[in-house]
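Asker: The file below is work.txt, compact mmCIF, C-alpha atoms and all ligand atoms:
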```txt
# COMPACT_ATOMS: atom_id res chain seq x y z
CA MET D 1 8.20 39.44 -2.59
CA LYS D 2 4.49 39.03 -2.03
CA LYS D 3 2.89 38.98 1.39
CA PRO D 4 3.99 35.77 3.15
CA LEU D 5 1.65 32.80 3.07
CA ARG D 6 0.61 31.96 6.60
CA ILE D 7 0.55 28.20 6.86
CA ALA D 8 -0.41 26.36 10.03
CA VAL D 9 1.41 23.04 10.24
CA ILE D 10 -0.08 20.28 12.39
CA PRO D 11 2.28 17.29 12.20
CA GLY D 12 0.08 15.23 14.56
CA ASP D 13 0.67 11.62 15.55
CA GLY D 14 2.71 8.58 14.52
CA THR D 15 4.45 9.08 11.21
CA GLY D 16 2.68 12.44 10.77
CA PRO D 17 5.71 14.49 11.87
CA GLU D 18 8.09 12.51 9.61
CA VAL D 19 6.03 13.00 6.47
CA THR D 20 5.12 16.60 7.30
CA ARG D 21 8.80 17.49 7.63
CA GLU D 22 9.39 16.31 4.06
CA ALA D 23 6.29 18.10 2.79
CA VAL D 24 7.53 21.33 4.34
CA LYS D 25 10.96 20.78 2.77
CA VAL D 26 9.33 20.50 -0.66
CA LEU D 27 7.05 23.45 0.04
CA GLN D 28 10.11 25.55 0.82
CA ALA D 29 11.79 24.40 -2.39
CA ALA D 30 8.74 25.40 -4.44
CA ALA D 31 8.45 28.69 -2.59
CA GLY D 32 12.11 29.46 -3.25
CA ARG D 33 11.74 28.84 -6.95
CA HIS D 34 8.59 30.94 -7.24
CA HIS D 35 9.64 33.76 -4.91
CA LEU D 36 6.93 33.08 -2.37
CA SER D 37 7.60 33.69 1.26
CA LEU D 38 6.23 31.31 3.86
CA ASP D 39 5.25 32.02 7.43
CA LEU D 40 4.95 28.57 9.01
CA GLN D 41 3.38 28.17 12.41
CA GLU D 42 3.54 24.73 14.01
CA TYR D 43 0.85 23.36 16.34
CA ASP D 44 1.29 20.29 18.54
CA PHE D 45 -2.26 18.94 18.54
CA GLY D 46 -2.40 15.19 18.78
CA ALA D 47 -2.06 12.24 21.12
CA LYS D 48 1.02 13.45 23.00
CA ARG D 49 -0.55 16.71 24.01
CA TYR D 50 -3.85 15.04 24.81
CA LEU D 51 -2.26 12.37 27.01
CA LYS D 52 -0.25 15.00 28.85
CA THR D 53 -2.82 17.76 29.27
CA GLY D 54 -6.22 16.30 28.31
CA GLU D 55 -6.50 19.01 25.70
CA LEU D 56 -7.52 18.24 22.12
CA LEU D 57 -8.05 21.49 20.24
CA PRO D 58 -8.19 24.68 22.32
CA ASP D 59 -10.69 27.31 21.17
CA SER D 60 -7.95 29.93 21.10
CA ALA D 61 -6.05 27.85 18.56
CA LEU D 62 -9.13 27.60 16.38
CA ASP D 63 -9.26 31.38 16.27
CA GLU D 64 -5.61 31.51 15.24
CA LEU D 65 -6.20 28.92 12.55
CA ARG D 66 -9.04 31.01 11.14
CA GLY D 67 -6.46 33.71 10.46
CA CYS D 68 -4.18 31.47 8.37
CA ASP D 69 -4.11 31.04 4.63
CA ALA D 70 -4.16 27.24 4.89
CA ILE D 71 -3.38 24.30 7.14
CA LEU D 72 -1.07 21.38 6.43
CA LEU D 73 -1.87 18.30 8.52
CA GLY D 74 0.17 15.12 8.97
CA ALA D 75 -1.92 12.44 10.68
CA ILE D 76 -4.17 12.05 13.70
CA GLY D 77 -4.66 8.82 15.69
CA HIS D 78 -2.72 6.89 18.32
CA PRO D 79 -2.93 3.31 19.68
CA ASP D 80 -2.88 4.55 23.31
CA VAL D 81 -6.01 6.64 22.81
CA GLN D 82 -9.41 5.07 22.36
CA PRO D 83 -10.51 5.30 18.70
CA GLY D 84 -12.68 8.32 17.97
CA ILE D 85 -11.34 10.71 20.59
CA LEU D 86 -8.54 12.29 18.59
CA GLU D 87 -10.31 11.83 15.27
CA LYS D 88 -13.48 13.55 16.44
CA GLY D 89 -11.81 16.02 18.80
CA ILE D 90 -9.17 17.23 16.35
CA LEU D 91 -9.59 16.18 12.72
CA LEU D 92 -13.37 16.22 12.45
CA ARG D 93 -13.67 19.25 14.71
CA LEU D 94 -11.34 21.20 12.42
CA ARG D 95 -13.32 20.15 9.36
CA PHE D 96 -16.60 21.15 10.99
CA GLU D 97 -15.57 24.33 12.78
CA LEU D 98 -13.76 25.70 9.75
CA ASP D 99 -16.71 24.62 7.59
CA GLN D 100 -14.47 22.71 5.20
CA TYR D 101 -17.47 21.27 3.46
CA ILE D 102 -15.61 19.72 0.56
CA ASN D 103 -13.14 16.88 0.73
CA LEU D 104 -11.35 16.87 -2.59
CA ARG D 105 -9.56 13.62 -3.34
CA PRO D 106 -7.85 13.14 -6.68
CA VAL D 107 -7.38 9.52 -7.75
CA LYS D 108 -4.48 9.78 -10.15
CA LEU D 109 -2.04 7.02 -11.00
CA TYR D 110 1.42 8.45 -11.58
CA PRO D 111 3.84 6.87 -14.05
CA GLY D 112 5.84 3.99 -12.66
CA VAL D 113 3.45 3.32 -9.83
CA TRP D 114 2.15 -0.19 -9.41
CA THR D 115 -1.62 -0.52 -9.38
CA PRO D 116 -3.53 -3.65 -8.40
CA LEU D 117 -5.82 -3.02 -11.40
CA LYS D 118 -4.78 -5.27 -14.25
CA ASP D 119 -4.34 -3.62 -17.65
CA LYS D 120 -4.88 -0.12 -16.28
CA GLY D 121 -2.35 2.69 -16.31
CA PRO D 122 -2.11 6.46 -15.82
CA GLU D 123 -4.36 6.96 -18.87
CA GLU D 124 -7.20 5.08 -17.23
CA ILE D 125 -6.86 6.06 -13.58
CA ASP D 126 -7.37 9.79 -13.34
CA TYR D 127 -10.53 11.05 -11.67
CA VAL D 128 -11.40 13.26 -8.73
CA VAL D 129 -13.80 12.53 -5.90
CA VAL D 130 -15.67 15.45 -4.35
CA ARG D 131 -16.72 14.10 -0.97
CA GLU D 132 -19.17 16.14 1.10
CA ASN D 133 -17.26 16.75 4.32
CA THR D 134 -19.43 18.20 7.08
CA GLY D 135 -22.74 16.37 6.97
CA GLY D 136 -24.34 12.97 6.60
CA LEU D 137 -23.42 10.22 9.02
CA TYR D 138 -20.57 12.32 10.40
CA THR D 139 -22.74 14.90 12.17
CA GLY D 140 -22.97 12.84 15.34
CA VAL D 141 -26.76 13.01 15.31
CA GLY D 142 -28.14 9.96 17.06
CA GLY D 143 -27.85 8.32 20.40
CA VAL D 144 -27.97 5.23 22.43
CA SER D 145 -30.27 3.98 25.12
CA MET D 146 -30.49 0.86 27.30
CA LYS D 147 -26.78 0.46 26.65
CA GLY D 148 -25.36 -2.92 27.50
CA THR D 149 -28.74 -4.62 27.64
CA PRO D 150 -30.23 -6.90 25.00
CA HIS D 151 -32.61 -4.04 24.20
CA GLU D 152 -29.88 -1.53 23.44
CA VAL D 153 -30.90 0.96 20.76
CA ALA D 154 -28.18 2.61 18.71
CA ILE D 155 -29.04 5.31 16.19
CA GLN D 156 -26.67 7.21 13.94
CA SER D 157 -28.46 9.41 11.45
CA MET D 158 -27.54 10.45 7.95
CA VAL D 159 -28.41 14.13 8.12
CA TYR D 160 -28.45 16.33 5.03
CA THR D 161 -29.92 19.74 4.42
CA HIS D 162 -30.77 21.15 1.02
CA HIS D 163 -28.18 23.85 1.65
CA GLN D 164 -25.39 21.35 2.31
CA VAL D 165 -26.25 19.23 -0.68
CA GLU D 166 -26.57 22.18 -3.01
CA ARG D 167 -23.26 23.82 -2.08
CA CYS D 168 -21.42 20.53 -2.46
CA LEU D 169 -22.98 19.78 -5.84
CA ARG D 170 -22.31 23.30 -7.03
CA TYR D 171 -18.65 22.94 -6.11
CA ALA D 172 -18.52 19.63 -7.99
CA PHE D 173 -20.13 21.06 -11.13
CA GLU D 174 -17.78 24.04 -11.08
CA TYR D 175 -14.78 21.80 -10.48
CA CYS D 176 -15.81 19.54 -13.33
CA ARG D 177 -16.13 22.51 -15.66
CA ARG D 178 -12.71 23.82 -14.62
CA ARG D 179 -11.10 20.43 -14.98
CA GLY D 180 -12.35 20.36 -18.56
CA ARG D 181 -11.79 16.70 -19.36
CA THR D 182 -14.82 14.67 -20.38
CA ARG D 183 -17.07 17.09 -18.47
CA THR D 184 -18.88 14.25 -16.79
CA LEU D 185 -20.07 14.52 -13.21
CA THR D 186 -21.08 11.23 -11.60
CA LEU D 187 -23.29 11.30 -8.54
CA VAL D 188 -22.67 8.29 -6.31
CA GLY D 189 -25.58 7.45 -4.03
CA LYS D 190 -28.00 4.77 -2.99
CA THR D 191 -31.36 6.06 -4.18
CA ASN D 192 -32.89 2.59 -4.10
CA VAL D 193 -32.57 2.27 -0.31
CA LEU D 194 -31.70 5.68 1.16
CA THR D 195 -34.85 7.08 -0.39
CA PHE D 196 -34.85 10.27 1.67
CA ALA D 197 -31.26 11.42 1.75
CA TYR D 198 -30.15 10.39 -1.72
CA ASP D 199 -33.44 11.43 -3.25
CA LEU D 200 -32.58 14.93 -2.09
CA TRP D 201 -29.10 14.61 -3.62
CA GLU D 202 -30.49 13.31 -6.89
CA ARG D 203 -33.16 16.00 -7.24
CA VAL D 204 -30.78 18.85 -6.52
CA PHE D 205 -28.18 17.27 -8.83
CA HIS D 206 -30.54 17.34 -11.79
CA GLN D 207 -32.15 20.68 -10.99
CA LEU D 208 -28.83 22.42 -10.64
CA GLY D 209 -27.32 20.62 -13.63
CA GLU D 210 -30.21 21.46 -15.89
CA ALA D 211 -30.49 25.08 -14.81
CA GLU D 212 -26.84 26.08 -14.56
CA TYR D 213 -24.53 23.43 -15.95
CA PRO D 214 -25.98 22.24 -19.27
CA ASP D 215 -22.42 21.70 -20.52
CA ILE D 216 -21.75 19.01 -17.89
CA ARG D 217 -22.95 15.49 -18.56
CA ARG D 218 -24.75 14.01 -15.55
CA ASP D 219 -24.25 10.41 -14.63
CA TYR D 220 -25.42 8.39 -11.63
CA CYS D 221 -24.16 5.21 -9.91
CA HIS D 222 -25.32 3.42 -6.81
CA VAL D 223 -22.37 3.22 -4.45
CA ASP D 224 -22.11 -0.56 -4.62
CA ALA D 225 -21.99 -0.47 -8.40
CA PHE D 226 -19.45 2.35 -8.29
CA CYS D 227 -17.12 0.04 -6.37
CA MET D 228 -17.25 -2.44 -9.23
CA TRP D 229 -16.76 0.13 -11.97
CA ALA D 230 -13.95 1.91 -10.14
CA VAL D 231 -12.08 -1.39 -10.33
CA LYS D 232 -13.15 -2.55 -13.78
CA ASN D 233 -13.53 0.74 -15.67
CA PRO D 234 -11.97 3.64 -13.76
CA GLU D 235 -11.55 5.45 -17.09
CA TRP D 236 -15.29 6.11 -17.11
CA PHE D 237 -14.93 8.68 -14.35
CA ASP D 238 -13.96 12.33 -14.50
CA VAL D 239 -15.44 13.98 -11.40
CA VAL D 240 -17.43 11.98 -8.86
CA VAL D 241 -19.54 13.60 -6.15
CA THR D 242 -21.01 11.89 -3.11
CA GLY D 243 -21.97 12.18 0.56
CA ASN D 244 -19.57 11.98 3.46
CA MET D 245 -19.67 8.29 4.37
CA PHE D 246 -19.69 6.92 0.84
CA GLY D 247 -16.94 9.38 0.00
CA ASP D 248 -14.83 8.09 2.86
CA ILE D 249 -15.20 4.53 1.64
CA ILE D 250 -14.79 4.98 -2.10
CA THR D 251 -11.70 7.15 -1.68
CA ASP D 252 -9.88 4.35 0.11
CA LEU D 253 -10.79 2.13 -2.83
CA GLY D 254 -9.59 4.87 -5.18
CA ALA D 255 -6.41 5.36 -3.16
CA ILE D 256 -5.33 1.74 -3.48
CA THR D 257 -5.80 1.90 -7.26
CA GLN D 258 -3.45 4.90 -7.44
CA GLY D 259 -0.74 3.17 -5.44
CA GLY D 260 -2.05 3.34 -1.88
CA MET D 261 -1.65 5.48 1.18
CA GLY D 262 1.91 6.37 0.29
CA ILE D 263 0.68 8.70 -2.42
CA ALA D 264 -3.01 9.57 -1.84
CA ALA D 265 -3.69 13.13 -0.70
CA GLY D 266 -6.72 15.28 -0.19
CA GLY D 267 -7.92 18.75 0.66
CA ASN D 268 -10.58 19.70 3.19
CA ILE D 269 -11.84 22.77 1.46
CA ASN D 270 -13.84 25.77 2.51
CA PRO D 271 -14.02 27.75 -0.73
CA ASP D 272 -14.63 30.95 1.26
CA GLY D 273 -12.43 30.22 4.25
CA VAL D 274 -9.43 28.28 5.50
CA SER D 275 -8.71 24.92 3.92
CA MET D 276 -6.67 22.03 5.26
CA PHE D 277 -4.58 19.58 3.27
CA GLU D 278 -3.56 16.12 4.41
CA PRO D 279 -2.39 12.72 3.30
CA ILE D 280 -5.47 10.53 3.38
CA GLY D 281 -3.71 7.72 5.23
CA GLY D 282 -3.39 7.47 8.98
CA SER D 283 -0.61 7.73 11.54
CA ALA D 284 0.88 4.27 10.73
CA PRO D 285 2.07 3.47 14.30
CA LYS D 286 4.09 0.45 13.27
CA TYR D 287 6.36 2.52 11.02
CA THR D 288 6.72 5.48 13.38
CA GLY D 289 10.22 6.83 13.88
CA LYS D 290 11.84 4.38 11.44
CA ASN D 291 12.39 6.79 8.55
CA VAL D 292 10.73 4.30 6.19
CA ILE D 293 7.29 5.82 5.63
CA ASN D 294 6.51 7.27 2.21
CA PRO D 295 6.25 11.06 2.40
CA LEU D 296 4.78 11.49 -1.11
CA ALA D 297 1.18 11.69 0.09
CA ALA D 298 2.07 14.54 2.42
CA ILE D 299 4.11 16.16 -0.36
CA CYS D 300 1.10 15.85 -2.69
CA ALA D 301 -1.06 17.46 0.00
CA ALA D 302 1.34 20.42 0.05
CA MET D 303 1.12 20.52 -3.74
CA MET D 304 -2.68 20.66 -3.60
CA MET D 305 -2.40 23.43 -1.04
CA LEU D 306 -0.26 25.60 -3.33
CA ASP D 307 -2.63 25.00 -6.20
CA HIS D 308 -5.58 25.95 -4.01
CA LEU D 309 -3.84 29.10 -2.81
CA GLY D 310 -3.44 30.26 -6.39
CA TYR D 311 0.04 29.00 -7.29
CA PRO D 312 -0.63 26.37 -9.94
CA ASP D 313 2.86 26.73 -11.43
CA ALA D 314 4.52 25.99 -8.11
CA ALA D 315 2.16 23.05 -7.66
CA ALA D 316 2.98 21.79 -11.15
CA ASP D 317 6.71 21.86 -10.35
CA ILE D 318 6.08 19.65 -7.33
CA GLU D 319 3.98 17.29 -9.39
CA LYS D 320 6.69 16.98 -12.04
CA ALA D 321 9.23 16.20 -9.35
CA VAL D 322 6.94 13.61 -7.77
CA MET D 323 6.28 11.99 -11.14
CA PHE D 324 9.97 11.82 -11.88
CA VAL D 325 10.61 10.18 -8.53
CA THR D 326 7.80 7.63 -8.92
CA SER D 327 8.79 6.73 -12.46
CA ARG D 328 12.60 6.84 -12.24
CA ARG D 329 13.62 6.40 -8.64
CA LEU D 330 11.35 4.53 -6.25
CA LYS D 331 11.21 0.74 -6.29
CA SER D 332 7.81 0.72 -4.62
CA LEU D 333 5.54 3.19 -2.86
CA ALA D 334 5.20 0.91 0.17
CA ALA D 335 6.74 1.85 3.51
CA GLY D 336 10.16 0.22 3.88
CA ARG D 337 10.29 -0.90 0.27
CA MET D 338 10.92 2.36 -1.55
CA GLY D 339 14.64 1.74 -1.93
CA TYR D 340 15.12 5.07 -0.11
CA SER D 341 14.37 6.45 3.32
CA THR D 342 11.65 8.98 4.10
CA THR D 343 14.17 11.82 4.24
CA GLU D 344 15.91 10.73 1.04
CA VAL D 345 12.62 10.77 -0.85
CA GLY D 346 11.88 14.23 0.55
CA ASP D 347 15.37 15.44 -0.43
CA MET D 348 15.00 14.17 -3.99
CA VAL D 349 11.57 15.70 -4.51
CA ALA D 350 12.73 18.99 -2.98
CA GLN D 351 15.78 19.09 -5.24
CA TYR D 352 13.80 18.30 -8.40
CA THR D 353 11.17 20.83 -7.39
CA ALA D 354 13.79 23.53 -7.01
CA GLU D 355 15.80 22.69 -10.13
CA GLY D 356 13.42 20.69 -12.29
CA PRO D 357 13.96 16.94 -12.77
CA PRO D 358 17.30 15.96 -14.35
CA GLU D 359 17.55 15.01 -18.01
CA GLU D 360 17.86 11.24 -18.06
C1 LIG C 1 -10.43 10.11 6.33
C2 LIG C 1 -10.40 9.37 7.62
C3 LIG C 1 -11.29 10.09 8.63
C4 LIG C 1 -12.71 10.09 8.05
C5 LIG C 1 -11.26 9.50 10.03
C6 LIG C 1 -9.86 9.39 10.59
C7 LIG C 1 -12.13 10.27 10.98
O1 LIG C 1 -10.78 8.05 7.43
O2 LIG C 1 -9.99 11.28 6.30
O3 LIG C 1 -10.89 9.56 5.33
O4 LIG C 1 -13.46 9.15 8.25
O5 LIG C 1 -13.04 11.07 7.40
MN MN C 2 -11.11 7.52 5.37
```
As structure tokens, please, write out the structure in this file.
Answerer:
Amino acid sequence: MKKPLRIAVIPGDGTGPEVTREAVKVLQAAAGRHHLSLDLQEYDFGAKRYLKTGELLPDSALDELRGCDAILLGAIGHPDVQPGILEKGILLRLRFELDQYINLRPVKLYPGVWTPLKDKGPEEIDYVVVRENTGGLYTGVGGVSMKGTPHEVAIQSMVYTHHQVERCLRYAFEYCRRRGRTRTLTLVGKTNVLTFAYDLWERVFHQLGEAEYPDIRRDYCHVDAFCMWAVKNPEWFDVVVTGNMFGDIITDLGAITQGGMGIAAGGNINPDGVSMFEPIGGSAPKYTGKNVINPLAAICAAMMMLDHLGYPDAAADIEKAVMFVTSRRLKSLAAGRMGYSTTEVGDMVAQYTAEGPPEE
């Protein structure tokens, strides 16, 4: 047995604990098959703890998290807490403090999954968005004055440094090379209006591409146009790289084309540190505690985590199990309409991960 993998598990709010439980089940199945040992440490950050103690993310916990191999997160957000408090105090703080400067979000349609895109299937919908994850409009730079008066000024700045842009683009070029498909990297920006920030992105994109990645084809789309093409011609895309805010928006668009929040997962990655994997959907308060939410997104987050930690075969076993379940078992990916409960879906994926999918 190798040294155990230390995984911090943060189930979080709403349906987070329900989906995380299934993800852990599948993780254990994959670990069993591949002789990996897991050291899971659970943390109770989220609305409950905040409402009880006023505490969001204690500094001591951050230090512990820095010592883990990876973090698996369920969901953060609760209707009893004003929007922004938990998101900024827990999720964004983790991303920033752990310098998880990449948000990697694959947009991949699995067989048997319904997509709202007419005439498109798994062949056409298979690209990866590299979203910058610690800069841009998310830095909190800005302010407000004369609040509540007709003269109120509200400023929220899109802040990017050369360093941030370069490390993100470098990751995207490298990822594109490793992925080895059409070797096309598309920069999504808005150089016609955001003539400071996206000019920096565009210049570094071409400089870096020309100097170090001549084998990668460079392509550019304004973000508004990208939204059209991602619907009409998703097959054009291989790897897409963009800033934080645009990345947030286009990955929800991407997620719905791959079957929605029931399946879409992502990784908050620090290539030299601790990364955190999560379903990209939220805490889904209206489905909480009903055992109807789809755990596949959380399961796919666990799969990405294993791949990131250097266990691509274990990850591939999970993916095969998920694909079998989407193509041969589930009626729909929507909460309450899967034809199975949350735990049943988790059980099936865990079983097929451990044994391989049945011959049918
Ligand atoms: C996401 C979410 C978060 C974001 C929110 C909850 C802060 O929408 O992970 O995409 O905007 O990054
Ligand atoms: Mn989002």
Asker: Counting all atoms listed in the file, which protein, DNA or RNA residues come within 9 Å of ligand MN 2 (chain C), given as a PDB file with C-alpha atoms, in the frame of the given file?
Answerer:
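Writing done, so here's result.pdb:
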```pdb
ATOM      1  CA  MET D 245     -19.670   8.290   4.370  1.00  0.00           C
ATOM      2  CA  GLY D 247     -16.940   9.380   0.000  1.00  0.00           C
ATOM      3  CA  ASP D 248     -14.830   8.090   2.860  1.00  0.00           C
ATOM      4  CA  ILE D 249     -15.200   4.530   1.640  1.00  0.00           C
ATOM      5  CA  ILE D 250     -14.790   4.980  -2.100  1.00  0.00           C
ATOM      6  CA  THR D 251     -11.700   7.150  -1.680  1.00  0.00           C
ATOM      7  CA  ASP D 252      -9.880   4.350   0.110  1.00  0.00           C
ATOM      8  CA  ILE D 280      -5.470  10.530   3.380  1.00  0.00           C
ATOM      9  CA  GLY D 281      -3.710   7.720   5.230  1.00  0.00           C
ATOM     10  CA  GLY D 282      -3.390   7.470   8.980  1.00  0.00           C
TER      11      GLY D 282
END
```
Asker: State, in Å with one decimal place, the distance from CA of Ile293 (chain D) to CA of Lys48 (chain D).
Answerer: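 Between CA of Ile293 (chain D) and CA of Lys48 (chain D) the gap works out to 20.0 Å.
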Asker: Around ligand LIG 1 (chain C), out to 10 Å and counting only C-alpha atoms and all ligand atoms, which residues are there? I want them as a VMD selection string.
Answerer: chain D and resid 75 to 77 83 to 93 95 103 105 131 133 to 134 138 244 to 252 265 to 268 278 to 283
Asker: Measuring atom to atom with only C-alpha atoms, identify which of D:Pro285, D:Gly180, D:Gly16, D:Gly143 is nearest to Arg217 (chain D).
Answerer: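 Going through D:Pro285, D:Gly180, D:Gly16, D:Gly143 one by one, the smallest distance to Arg217 (chain D) is for D:Gly180.
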Asker: With a distance cut-off of 9 Å and all atoms listed in the file, select the neighbouring residues of Tyr287 (chain D), excluding the residue or stretch itself and same-chain residues fewer than 4 positions from it, and output the selection as a ChimeraX atom specification.
Answerer: /D:14-15,283,291-293,335-336
Asker: Please compute the CA of Asp99 (chain D)-CA of Asp272 (chain D) distance, one decimal, in Å.
Answerer: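 Straight-line distance from CA of Asp99 (chain D) to CA of Asp272 (chain D) works out to 9.2 Å.
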Asker: Counting only C-alpha atoms, figure out which residue out of D:Cys176, D:Leu208, D:Ala154, D:Met323 gets nearest to Pro122 (chain D).
Answerer: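 For Pro122 (chain D), the nearest of the given residues is D:Met323.
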